[in-house]
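A.B. asks: I am attaching a structure below and will ask some questions about it afterwards.
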Amino acid sequence: MIQSQAYQQIRVDGHILEARTLFENMRIGLAASAALLLTSHATAQTGNGLNLMPMPTSVRSGAGRLSVDPSFSIAVTGFKDAALERAIGRFVAELSRETGMSLKQKTAGSESPTLLIHAAHGRESVQRLGEDESYELVITESGAKLTAPSPLGVLYGLQTFLLLVETTADGFSVPAATIDDKPRFAWRGLLIDVGRHFIPLDILKRNVDGMAAVKMNVLHLHLYDNEGFRIESKRFPKLQEAGSDGLYYTQNEIREFVAYAHDRGIRVVPEFEMPGHNRSLFAGYPELASGPGPYRVDPGGVDAVMDPTRAETYKFIDEFIGEMAELFPDEYFHIGGDEVSGSQWNANPKIQAFMRSHGMKTNADLQAYFNQRLQKILSKHHKIMMGWDEVLHPDLPKTVVVQSWRGQQSLATAAQQGYRGLLSFGYYLDLMWPASQHYAVDPMSGAAASLNPEEKSRILGGEACMWSEWVTPENIDSRIWPRNAAIAERLWSSPDMQDTSSMYRRLDKISQRLEWLGLTHRSSLVLALHRMAGANDVSALRTLAEVVEPVKDYARWSSLKGVWDFRAPLNRLVDIAHPESEQARDFRDALETYTGSGYKDEAAEGKIRARLILWRDNDAKLHPVLEQSFLLKELGSLSEDLSTLASAGLLALDYLDKSMPSPNSWRAQQLALVESAKTPKANLLLMVADPVQLLIEASEGRKQEP
Ligand code: ACM
């Protein structure tokens with residue numbers, strides 16, 4: 001997460017540059033492709049019409065369908081163990097839930113099973129980066145066969161099977177197909193920041209279930225930050241006692257959680273952020289800091305940093321990492337390293353003297369010195385060090401993994417210098433981008449596109465990031481899902497997958513399935529609306545809530561009056577409105593169809609008109625509701641804007657319908673209203689402003705007759 005305004009600009013600009021480069025690369029790439037390649041791209045893109053996400057490497061359709069009915073049976077040959085049994089048990093339970101049939105885990109005897117599972121050998125006891133994740137799923141009318149080198153591939157194949165189950169006129173069934181599948185990248189992660197706001201384990205678990213459904217394989221836990229320390233240390237108990245509000249994971253809970261994730265093919269990589277973002281550590285152990293303190297986990301506290309010049313600092317790190325190494329078996333440990341403020345180092349004469357005596361000129365030199373010592377400690381505890389892109393420094397051994405967040409350039413630079421890396425720039429879920437914007441970001445694009453094959457092989461994949469400044473247990477699922485599924489596809493599937501409408505069609509489908517897994521990204525909105533309204537009938541409020549989105553990028557930070565208070569309630573519409581409005585997207589799609597048909601498509605016009613009428617009439621219904629709740633009063637002008645926009649849209653539609661050009665003065669007046677409706681209100685954007693603007697502009701005349 002950023003702390004300075006300067007970064008915001010770099011990152012926003014950086015994104016625009018990266019997006020443009022990607023587009024150019026795509027164009028050049030496409031122009032160079034042979035017709036044959038284009039044909040196979042098309043097949044990869046559509047997956048023969050199957051609703052799969054992420055799209056498998058290869059899908060070949062077969063003839064007919066395999067029925068899924070109460071006689072469903074499973075047989076396992078080859079490798080077997082208790083973990084595989086549990087995976088099959090979960091599969092049967094999910095299939096039962098989604099079909100409403102109480103299926104039993106019937107193992108087939110001599111008769112042929114509905115699904116035969118075969119793994120050649122077992123998994124590693126600690127999941128390893130790059131472990132074979134491939135599988136093959138062959139489905140015919142008479143049965144399905146899932147084969148994989150190890151149960152890891154079986155896990156993925158079972159997920160694919162679940163996604164294929166469809167409700168048809170004749171019952172539940174899966175289409176016949178042959179699917180060969182393996183991931184493009186070995187590292188497909190999601191970071192969850194549990195420091196700023198604590199996220200209970202049951203919520204983490206259902207997100208792990210969601211990750212497994214979209215074939216992600218790393219959960220990166222940002223375990224503490226200035227606002228809270230979330231992991232029990234028995235060696236240094238004041239870490240959680242003074243550094244949290246009592247909300248942290250006990251060691252037993254973490255052990256159980258890591259095993260839960262392992263069962264689902266997900267590595268848990270912990271982040272122990274150092275030397276910055278450490279105020280919660282200093283609450284209990286102020287002697288670790290570079291300034292005198294005192295330190296509390298209060299909002300707006302000082303930007304404190306560890307003292308890298310004292311032997312005691314490294315003694316603490318050694319013991320703390322040693323304790324944590326027992327708890328988190330993964331080979332990779334993240335040490336943060338981002339946004340280290342030099343102010344405490346500059347103000348401390350002892351630190352300044354240390355730098356002079358060691359010939360260090362800048363704070364970056366001091367951080368590199370710290371990182372080198374840190375890396376040796378990690379290595380002693382058999383861990384490989386990862387850090388945010390600020391850690392990139394030639395003095396560090398090439399084993400260090402660099403996570404790019406300030407732009408794609410650092411990923412390419414790291415790869416050129418011999419470091420392995422991950423991309424997170426472009427995958428920040430907290431920025432409230434639409435799925436399509438994340439989908440357009442590729443770890444191999446931008447500066448990475450011109451790397452040689454060896455350098456490219458150092459790019460391990462990417463991680464979506466869920467920073468939690470504005471995240472709570474109530475809204476976290478809706479901030480992660482379904483958009484994270486689009487990132488998961490980018491990291492698993494062929495880079496040729498670029499068709500946004502196909503992505504959205506399949507995203508809608510998987511979004512539904514994710515709710516079956518217990519995620520609440522859709523249902524949480526309605527529950528929150530009931531609380532906000534203090535009323536039973538929230539239909540008009542829902543109509544408004546479904547066409548707004550929270551402001552993008554770091555705009556919410558600019559709206560703060562005073563410091564950001566992590567203890568402030570997050571119970572306004574901006575906190576629960578979906579990052580991407582499905583209603584607005586649907587409306588834009590209908591408008592595109594209508595425009596594309598030269599304003600002739602009656603079904604599209606009917607849909608547009610019905611929606612505009614609903615929105616036009618909504619304010620009259622909603623106003624009394626808004627008046628009744630202090631949480632809703634701020635939405636008054638947003639609701640009026642929606643009605644105004646819809647009325648203008650309806651008139652524009654009438655002009656188009658009658659083939660009458662709208663008067664210039666009318667259009668100018670309406671476009672001014674649209675502009676004012678585009679201004680964020682209550683940190684929300686009205687997502688129908690742009691499409692209504694298109695409608696008004698189109699009403700100037702029928703310029704697009706086919
Ligand atoms: C970061 O967002 N500061 C890694």
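Ordered as shown in the structure tokens, chains take letters A, B, and onward, while each chain numbers its residues from 1 and ligands are numbered from 1 in the order shown.
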Once you count only C-alpha atoms and all ligand atoms, which residues end up within 10 Å of ligand 1, and could you hand them over as an MDAnalysis selection string?
C.D. replies: chainID A and resid 1:3 7 222 273 277 336:340 387:390 403:406 424:425 428 465:467
A.B. asks: Report the closest atom pair, with its distance in Å rounded to one decimal, for each residue of region 133-229 of chain A that has an atom no farther than 7 Å from region 237-251 of chain A; count only C-alpha atoms, sort by chain and then rising residue number, and write it as a tab-separated table.
C.D. replies:
```
residue	atom	partner	partner_atom	distance
A:Phe198	CA	A:Leu247	CA	6.5
A:Gly228	CA	A:Ser244	CA	4.8
A:Phe229	CA	A:Gly243	CA	5.1
```
A.B. asks: Restricted to C-alpha atoms, what would the selected residues look like written as an mmCIF file, in the first residue's frame?
C.D. replies:
```cif
data_model
loop_
_atom_site.group_PDB
_atom_site.id
_atom_site.type_symbol
_atom_site.label_atom_id
_atom_site.label_comp_id
_atom_site.auth_asym_id
_atom_site.auth_seq_id
_atom_site.Cartn_x
_atom_site.Cartn_y
_atom_site.Cartn_z
ATOM 1 C CA PHE A 198 -8.013 -8.476 11.215
ATOM 2 C CA GLY A 228 -1.872 -4.501 14.153
ATOM 3 C CA PHE A 229 0.302 -7.533 14.863
#
```
A.B. asks: Excluding same-chain residues fewer than 2 positions from Met355 (chain A), what lies within 12 Å of it counting only C-alpha atoms, as a tab-separated table (two decimals) with N, CA, C and O atoms, in the first residue's frame?
C.D. replies:
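Result file follows (around_26.tsv):
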```tsv
chain	number	residue	atom	x	y	z
A	307	ASP	N	15.97	-0.28	13.87
A	307	ASP	CA	17.35	0.19	13.91
A	307	ASP	C	18.27	-0.92	13.38
A	307	ASP	O	18.48	-1.92	14.06
A	308	PRO	N	18.82	-0.74	12.18
A	308	PRO	CA	19.63	-1.80	11.58
A	308	PRO	C	21.08	-1.79	12.05
A	308	PRO	O	21.88	-2.57	11.56
A	309	THR	N	21.39	-0.92	13.01
A	309	THR	CA	22.79	-0.79	13.41
A	309	THR	C	23.09	-1.54	14.71
A	309	THR	O	24.25	-1.67	15.10
A	345	TRP	N	16.05	7.40	10.63
A	345	TRP	CA	17.49	7.15	10.43
A	345	TRP	C	18.24	8.48	10.33
A	345	TRP	O	19.32	8.64	10.90
A	346	ASN	N	17.64	9.43	9.60
A	346	ASN	CA	18.29	10.74	9.44
A	346	ASN	C	18.43	11.46	10.78
A	346	ASN	O	19.39	12.19	11.01
A	348	ASN	N	18.78	10.16	13.77
A	348	ASN	CA	19.48	9.43	14.83
A	348	ASN	C	21.01	9.53	14.63
A	348	ASN	O	21.56	8.95	13.70
A	349	PRO	N	21.70	10.28	15.52
A	349	PRO	CA	23.15	10.49	15.34
A	349	PRO	C	23.95	9.19	15.33
A	349	PRO	O	24.91	9.06	14.58
A	350	LYS	N	23.53	8.22	16.15
A	350	LYS	CA	24.27	6.94	16.17
A	350	LYS	C	24.17	6.22	14.83
A	350	LYS	O	25.14	5.63	14.34
A	351	ILE	N	22.98	6.28	14.26
A	351	ILE	CA	22.79	5.62	12.95
A	351	ILE	C	23.60	6.36	11.88
A	351	ILE	O	24.25	5.74	11.03
A	352	GLN	N	23.60	7.68	11.97
A	352	GLN	CA	24.37	8.47	11.00
A	352	GLN	C	25.87	8.16	11.12
A	352	GLN	O	26.55	7.99	10.10
A	353	ALA	N	26.35	8.02	12.36
A	353	ALA	CA	27.77	7.70	12.57
A	353	ALA	C	28.09	6.31	12.02
A	353	ALA	O	29.13	6.09	11.39
A	357	SER	N	30.83	5.39	9.20
A	357	SER	CA	31.96	4.48	9.46
A	357	SER	C	31.93	3.26	8.53
A	357	SER	O	32.95	2.62	8.32
A	358	HIS	N	30.74	2.94	7.97
A	358	HIS	CA	30.66	1.82	7.03
A	358	HIS	C	30.65	2.27	5.57
A	358	HIS	O	30.36	1.48	4.67
A	359	GLY	N	30.90	3.55	5.36
A	359	GLY	CA	30.98	4.07	3.99
A	359	GLY	C	29.64	4.04	3.26
A	359	GLY	O	29.60	3.92	2.04
A	360	MET	N	28.55	4.15	4.01
A	360	MET	CA	27.23	4.15	3.36
A	360	MET	C	26.81	5.58	3.08
A	360	MET	O	26.84	6.43	3.97
A	361	LYS	N	26.37	5.82	1.84
A	361	LYS	CA	26.04	7.19	1.45
A	361	LYS	C	24.54	7.47	1.59
A	361	LYS	O	24.13	8.59	1.87
A	362	THR	N	23.73	6.47	1.37
A	362	THR	CA	22.29	6.72	1.34
A	362	THR	C	21.56	5.74	2.27
A	362	THR	O	22.11	4.71	2.68
A	363	ASN	N	20.30	6.08	2.53
A	363	ASN	CA	19.47	5.17	3.34
A	363	ASN	C	19.25	3.85	2.61
A	363	ASN	O	19.07	2.81	3.25
A	364	ALA	N	19.24	3.91	1.27
A	364	ALA	CA	19.10	2.67	0.50
A	364	ALA	C	20.28	1.74	0.76
A	364	ALA	O	20.12	0.52	0.84
A	365	ASP	N	21.49	2.34	0.93
A	365	ASP	CA	22.67	1.52	1.27
A	365	ASP	C	22.47	0.84	2.62
A	365	ASP	O	22.82	-0.33	2.80
A	366	LEU	N	21.91	1.60	3.56
A	366	LEU	CA	21.69	1.04	4.89
A	366	LEU	C	20.65	-0.08	4.84
A	366	LEU	O	20.80	-1.13	5.47
A	367	GLN	N	19.61	0.13	4.03
A	367	GLN	CA	18.59	-0.92	3.91
A	367	GLN	C	19.19	-2.17	3.25
A	367	GLN	O	18.87	-3.30	3.63
A	368	ALA	N	20.08	-1.96	2.27
A	368	ALA	CA	20.71	-3.11	1.60
A	368	ALA	C	21.58	-3.88	2.60
A	368	ALA	O	21.61	-5.12	2.59
A	369	TYR	N	22.26	-3.15	3.48
A	369	TYR	CA	23.07	-3.78	4.53
A	369	TYR	C	22.17	-4.62	5.44
A	369	TYR	O	22.45	-5.79	5.74
A	370	PHE	N	21.06	-4.02	5.84
A	370	PHE	CA	20.08	-4.72	6.69
A	370	PHE	C	19.58	-5.98	5.98
A	370	PHE	O	19.53	-7.07	6.56
```
A.B. asks: Which residues are close to Met324 (chain A), i.e. within 10 Å by only C-alpha atoms, leaving aside same-chain residues fewer than 2 positions away? Reply as a tab-separated table (two decimals) with N, CA, C and O atoms, in the first residue's frame.
C.D. replies:
```tsv
chain	number	residue	atom	x	y	z
A	231	ILE	N	-0.03	-12.37	14.71
A	231	ILE	CA	0.39	-13.76	14.86
A	231	ILE	C	1.01	-13.94	16.25
A	231	ILE	O	1.84	-13.13	16.66
A	232	GLU	N	0.59	-14.99	16.93
A	232	GLU	CA	1.08	-15.21	18.28
A	232	GLU	C	2.57	-15.60	18.27
A	232	GLU	O	2.98	-16.51	17.56
A	233	SER	N	3.34	-14.87	19.07
A	233	SER	CA	4.73	-15.28	19.32
A	233	SER	C	4.81	-15.69	20.78
A	233	SER	O	4.40	-14.93	21.66
A	251	GLN	N	-0.84	-19.89	17.54
A	251	GLN	CA	0.03	-20.80	16.78
A	251	GLN	C	-0.72	-22.07	16.40
A	251	GLN	O	-0.53	-22.59	15.29
A	270	PRO	N	4.25	-16.49	4.53
A	270	PRO	CA	4.05	-15.40	5.48
A	270	PRO	C	4.93	-14.21	5.14
A	270	PRO	O	6.02	-14.37	4.60
A	272	PHE	N	6.83	-11.13	6.95
A	272	PHE	CA	7.29	-10.48	8.19
A	272	PHE	C	7.97	-9.19	7.77
A	272	PHE	O	9.17	-9.16	7.47
A	318	ASP	N	16.52	-13.10	14.47
A	318	ASP	CA	16.93	-14.51	14.42
A	318	ASP	C	15.98	-15.38	15.25
A	318	ASP	O	15.48	-16.41	14.78
A	319	GLU	N	15.69	-14.93	16.45
A	319	GLU	CA	14.81	-15.74	17.31
A	319	GLU	C	13.38	-15.73	16.82
A	319	GLU	O	12.69	-16.76	16.83
A	320	PHE	N	12.93	-14.57	16.37
A	320	PHE	CA	11.55	-14.46	15.88
A	320	PHE	C	11.36	-15.29	14.61
A	320	PHE	O	10.42	-16.08	14.50
A	321	ILE	N	12.28	-15.15	13.66
A	321	ILE	CA	12.17	-15.91	12.41
A	321	ILE	C	12.31	-17.41	12.70
A	321	ILE	O	11.61	-18.24	12.13
A	322	GLY	N	13.19	-17.75	13.64
A	322	GLY	CA	13.34	-19.15	14.01
A	322	GLY	C	12.03	-19.73	14.52
A	322	GLY	O	11.63	-20.84	14.16
A	326	GLU	N	9.16	-22.58	12.20
A	326	GLU	CA	8.52	-23.83	12.63
A	326	GLU	C	7.05	-23.84	12.26
A	326	GLU	O	6.45	-24.89	12.02
A	327	LEU	N	6.48	-22.66	12.25
A	327	LEU	CA	5.03	-22.52	12.08
A	327	LEU	C	4.61	-22.52	10.62
A	327	LEU	O	3.55	-23.02	10.25
A	328	PHE	N	5.45	-21.91	9.79
A	328	PHE	CA	5.14	-21.79	8.36
A	328	PHE	C	6.16	-22.63	7.59
A	328	PHE	O	7.29	-22.20	7.38
A	329	PRO	N	5.76	-23.83	7.15
A	329	PRO	CA	6.73	-24.74	6.53
A	329	PRO	C	7.19	-24.30	5.14
A	329	PRO	O	8.19	-24.83	4.65
A	333	PHE	N	9.96	-17.01	2.59
A	333	PHE	CA	9.53	-16.05	3.61
A	333	PHE	C	9.67	-14.65	3.00
A	333	PHE	O	10.72	-14.31	2.45
A	381	HIS	N	17.76	-20.40	8.69
A	381	HIS	CA	16.52	-21.10	9.03
A	381	HIS	C	15.91	-21.80	7.81
A	381	HIS	O	14.71	-22.10	7.80
```
A.B. asks: Which parts of region 460-579 of chain A does DSSP call strand (DSSP E or B) when run on the backbone here, written out as an NGL selection string?
C.D. replies: :A and (460-466 or 548-550)
A.B. asks: Write out as a count of residues only each polymer residue whose atoms come within 9 Å of Glu469 (chain A), counting only C-alpha atoms; drop sequence neighbours fewer than 5 positions from it.
C.D. replies: 7
A.B. asks: Glu515 (chain A): which residues within 10 Å, counting only C-alpha atoms, same-chain residues fewer than 6 positions away excluded, as a ChimeraX atom specification?
C.D. replies: /A:206,210,477,481-482,521-523
A.B. asks: Show me, as a PyMOL selection string, the residues that have an atom within 12 Å of Ser478 (chain A) when counting only C-alpha atoms, minus same-chain residues fewer than 6 positions from it.
C.D. replies: chain A and resi 203+207+429-430+432+466+470-472+484+511+514-515+519-526+528+549-550+574-581
A.B. asks: Would you save the residues of that selection, restricted to N, CA and C atoms, as a CSV table (one decimal), in the first residue's frame?
C.D. replies:
```csv
chain,number,residue,atom,x,y,z
A,203,ILE,N,-13.0,-16.8,7.6
A,203,ILE,CA,-13.1,-16.0,6.3
A,203,ILE,C,-11.9,-16.3,5.4
A,207,ASN,N,-11.9,-18.1,1.6
A,207,ASN,CA,-11.2,-17.5,0.5
A,207,ASN,C,-10.2,-18.5,-0.1
A,429,LEU,N,-6.2,-5.3,-5.9
A,429,LEU,CA,-7.6,-5.4,-5.8
A,429,LEU,C,-8.2,-4.2,-5.1
A,430,ASP,N,-7.4,-3.6,-4.2
A,430,ASP,CA,-7.9,-2.5,-3.4
A,430,ASP,C,-8.1,-1.2,-4.2
A,432,MET,N,-9.9,-1.0,-6.8
A,432,MET,CA,-11.3,-1.0,-7.3
A,432,MET,C,-11.4,-1.0,-8.8
A,466,MET,N,-4.7,-7.8,-1.8
A,466,MET,CA,-5.9,-7.3,-1.1
A,466,MET,C,-5.4,-6.5,0.2
A,470,TRP,N,-9.4,-0.4,3.8
A,470,TRP,CA,-10.9,-0.2,3.7
A,470,TRP,C,-11.6,-1.5,3.7
A,471,VAL,N,-11.0,-2.5,4.3
A,471,VAL,CA,-11.6,-3.9,4.2
A,471,VAL,C,-11.9,-4.4,5.6
A,472,THR,N,-13.0,-5.1,5.6
A,472,THR,CA,-13.5,-5.6,6.9
A,472,THR,C,-14.0,-7.1,6.6
A,484,ASN,N,-10.8,-11.5,-8.7
A,484,ASN,CA,-9.6,-12.3,-8.5
A,484,ASN,C,-9.6,-13.5,-9.5
A,511,SER,N,-18.6,-16.7,-10.6
A,511,SER,CA,-19.0,-15.9,-9.5
A,511,SER,C,-20.1,-16.6,-8.7
A,514,LEU,N,-18.7,-19.5,-6.8
A,514,LEU,CA,-18.0,-19.1,-5.6
A,514,LEU,C,-18.9,-18.9,-4.4
A,515,GLU,N,-20.1,-18.4,-4.7
A,515,GLU,CA,-21.1,-18.2,-3.6
A,515,GLU,C,-21.5,-19.6,-3.0
A,519,LEU,N,-18.5,-18.1,-0.1
A,519,LEU,CA,-18.1,-16.7,-0.2
A,519,LEU,C,-19.4,-15.8,-0.3
A,520,THR,N,-19.2,-14.6,0.2
A,520,THR,CA,-20.4,-13.7,0.3
A,520,THR,C,-20.3,-12.5,-0.5
A,521,HIS,N,-19.5,-12.6,-1.6
A,521,HIS,CA,-19.3,-11.3,-2.4
A,521,HIS,C,-20.6,-10.8,-3.0
A,522,ARG,N,-21.6,-11.6,-3.2
A,522,ARG,CA,-22.9,-11.0,-3.7
A,522,ARG,C,-23.8,-10.8,-2.5
A,523,SER,N,-24.0,-11.8,-1.7
A,523,SER,CA,-25.0,-11.7,-0.6
A,523,SER,C,-24.7,-10.6,0.4
A,524,SER,N,-23.5,-10.3,0.6
A,524,SER,CA,-23.1,-9.3,1.7
A,524,SER,C,-23.8,-7.9,1.4
A,525,LEU,N,-23.9,-7.6,0.1
A,525,LEU,CA,-24.5,-6.3,-0.2
A,525,LEU,C,-25.9,-6.1,0.3
A,526,VAL,N,-26.7,-7.1,0.1
A,526,VAL,CA,-28.1,-7.0,0.5
A,526,VAL,C,-28.2,-6.9,2.0
A,528,ALA,N,-26.0,-5.8,4.1
A,528,ALA,CA,-25.5,-4.5,4.5
A,528,ALA,C,-26.6,-3.4,4.2
A,549,GLU,N,-20.1,2.5,-8.1
A,549,GLU,CA,-18.9,1.8,-7.7
A,549,GLU,C,-18.0,2.7,-6.8
A,550,PRO,N,-17.3,2.1,-5.9
A,550,PRO,CA,-16.4,3.0,-5.1
A,550,PRO,C,-15.4,3.7,-6.1
A,574,VAL,N,-20.2,3.1,0.2
A,574,VAL,CA,-18.9,2.9,-0.5
A,574,VAL,C,-18.1,1.7,0.0
A,575,ASP,N,-18.4,1.3,1.3
A,575,ASP,CA,-17.7,0.1,1.8
A,575,ASP,C,-18.3,-1.2,1.4
A,576,ILE,N,-19.4,-1.2,0.8
A,576,ILE,CA,-20.0,-2.5,0.4
A,576,ILE,C,-20.4,-2.6,-1.1
A,577,ALA,N,-20.5,-1.4,-1.7
A,577,ALA,CA,-20.9,-1.4,-3.1
A,577,ALA,C,-19.8,-2.2,-3.9
A,578,HIS,N,-20.2,-2.9,-4.9
A,578,HIS,CA,-19.3,-3.8,-5.6
A,578,HIS,C,-18.3,-3.0,-6.4
A,579,PRO,N,-17.0,-3.4,-6.4
A,579,PRO,CA,-16.0,-2.7,-7.2
A,579,PRO,C,-16.4,-2.5,-8.6
A,580,GLU,N,-17.1,-3.5,-9.1
A,580,GLU,CA,-17.5,-3.4,-10.5
A,580,GLU,C,-19.0,-3.7,-10.6
A,581,SER,N,-19.8,-2.8,-11.2
A,581,SER,CA,-21.2,-2.9,-11.3
A,581,SER,C,-21.6,-3.8,-12.4
```
A.B. asks: Between A:Ser676, A:Ser445, A:Ser134, A:Thr57, which one has atoms that come closest to Ala186 (chain A), using only C-alpha atoms?
C.D. replies: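 Of all the options, A:Ser134 lies closest to Ala186 (chain A).
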A.B. asks: With distances taken over only C-alpha atoms, which of A:Pro663, A:Pro113, A:Pro175, A:Gly636 is nearest to Leu622 (chain A)?
C.D. replies: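 Between A:Pro663, A:Pro113, A:Pro175, A:Gly636, the residue approaching Leu622 (chain A) most closely is A:Gly636.
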A.B. asks: At what distance in Å, to one decimal, does CA of Ala677 (chain A) lie from CA of Leu631 (chain A)?
C.D. replies: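 Separation between CA of Leu631 (chain A) and CA of Ala677 (chain A): 20.9 Å.
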A.B. asks: What is the CA of Gly157 (chain A)-CA of Glu136 (chain A) distance in Å, reported with one decimal?
C.D. replies: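 Rounded to one decimal, the two atoms are 7.1 Å apart.
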A.B. asks: From the list A:Leu158, A:Leu632, A:Ala212, A:Ala610, which residue is nearest Ala646 (chain A) when using only C-alpha atoms?
C.D. replies: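 Ranking A:Leu158, A:Leu632, A:Ala212, A:Ala610 by distance to Ala646 (chain A), first place goes to A:Ala610.
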A.B. asks: Under the rule that only C-alpha atoms are counted, which of A:Arg531, A:Arg667, A:Lys509, A:Arg611 is the nearest residue to Leu544 (chain A)?
C.D. replies: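 Among the listed residues, A:Arg611 lies closest to Leu544 (chain A).
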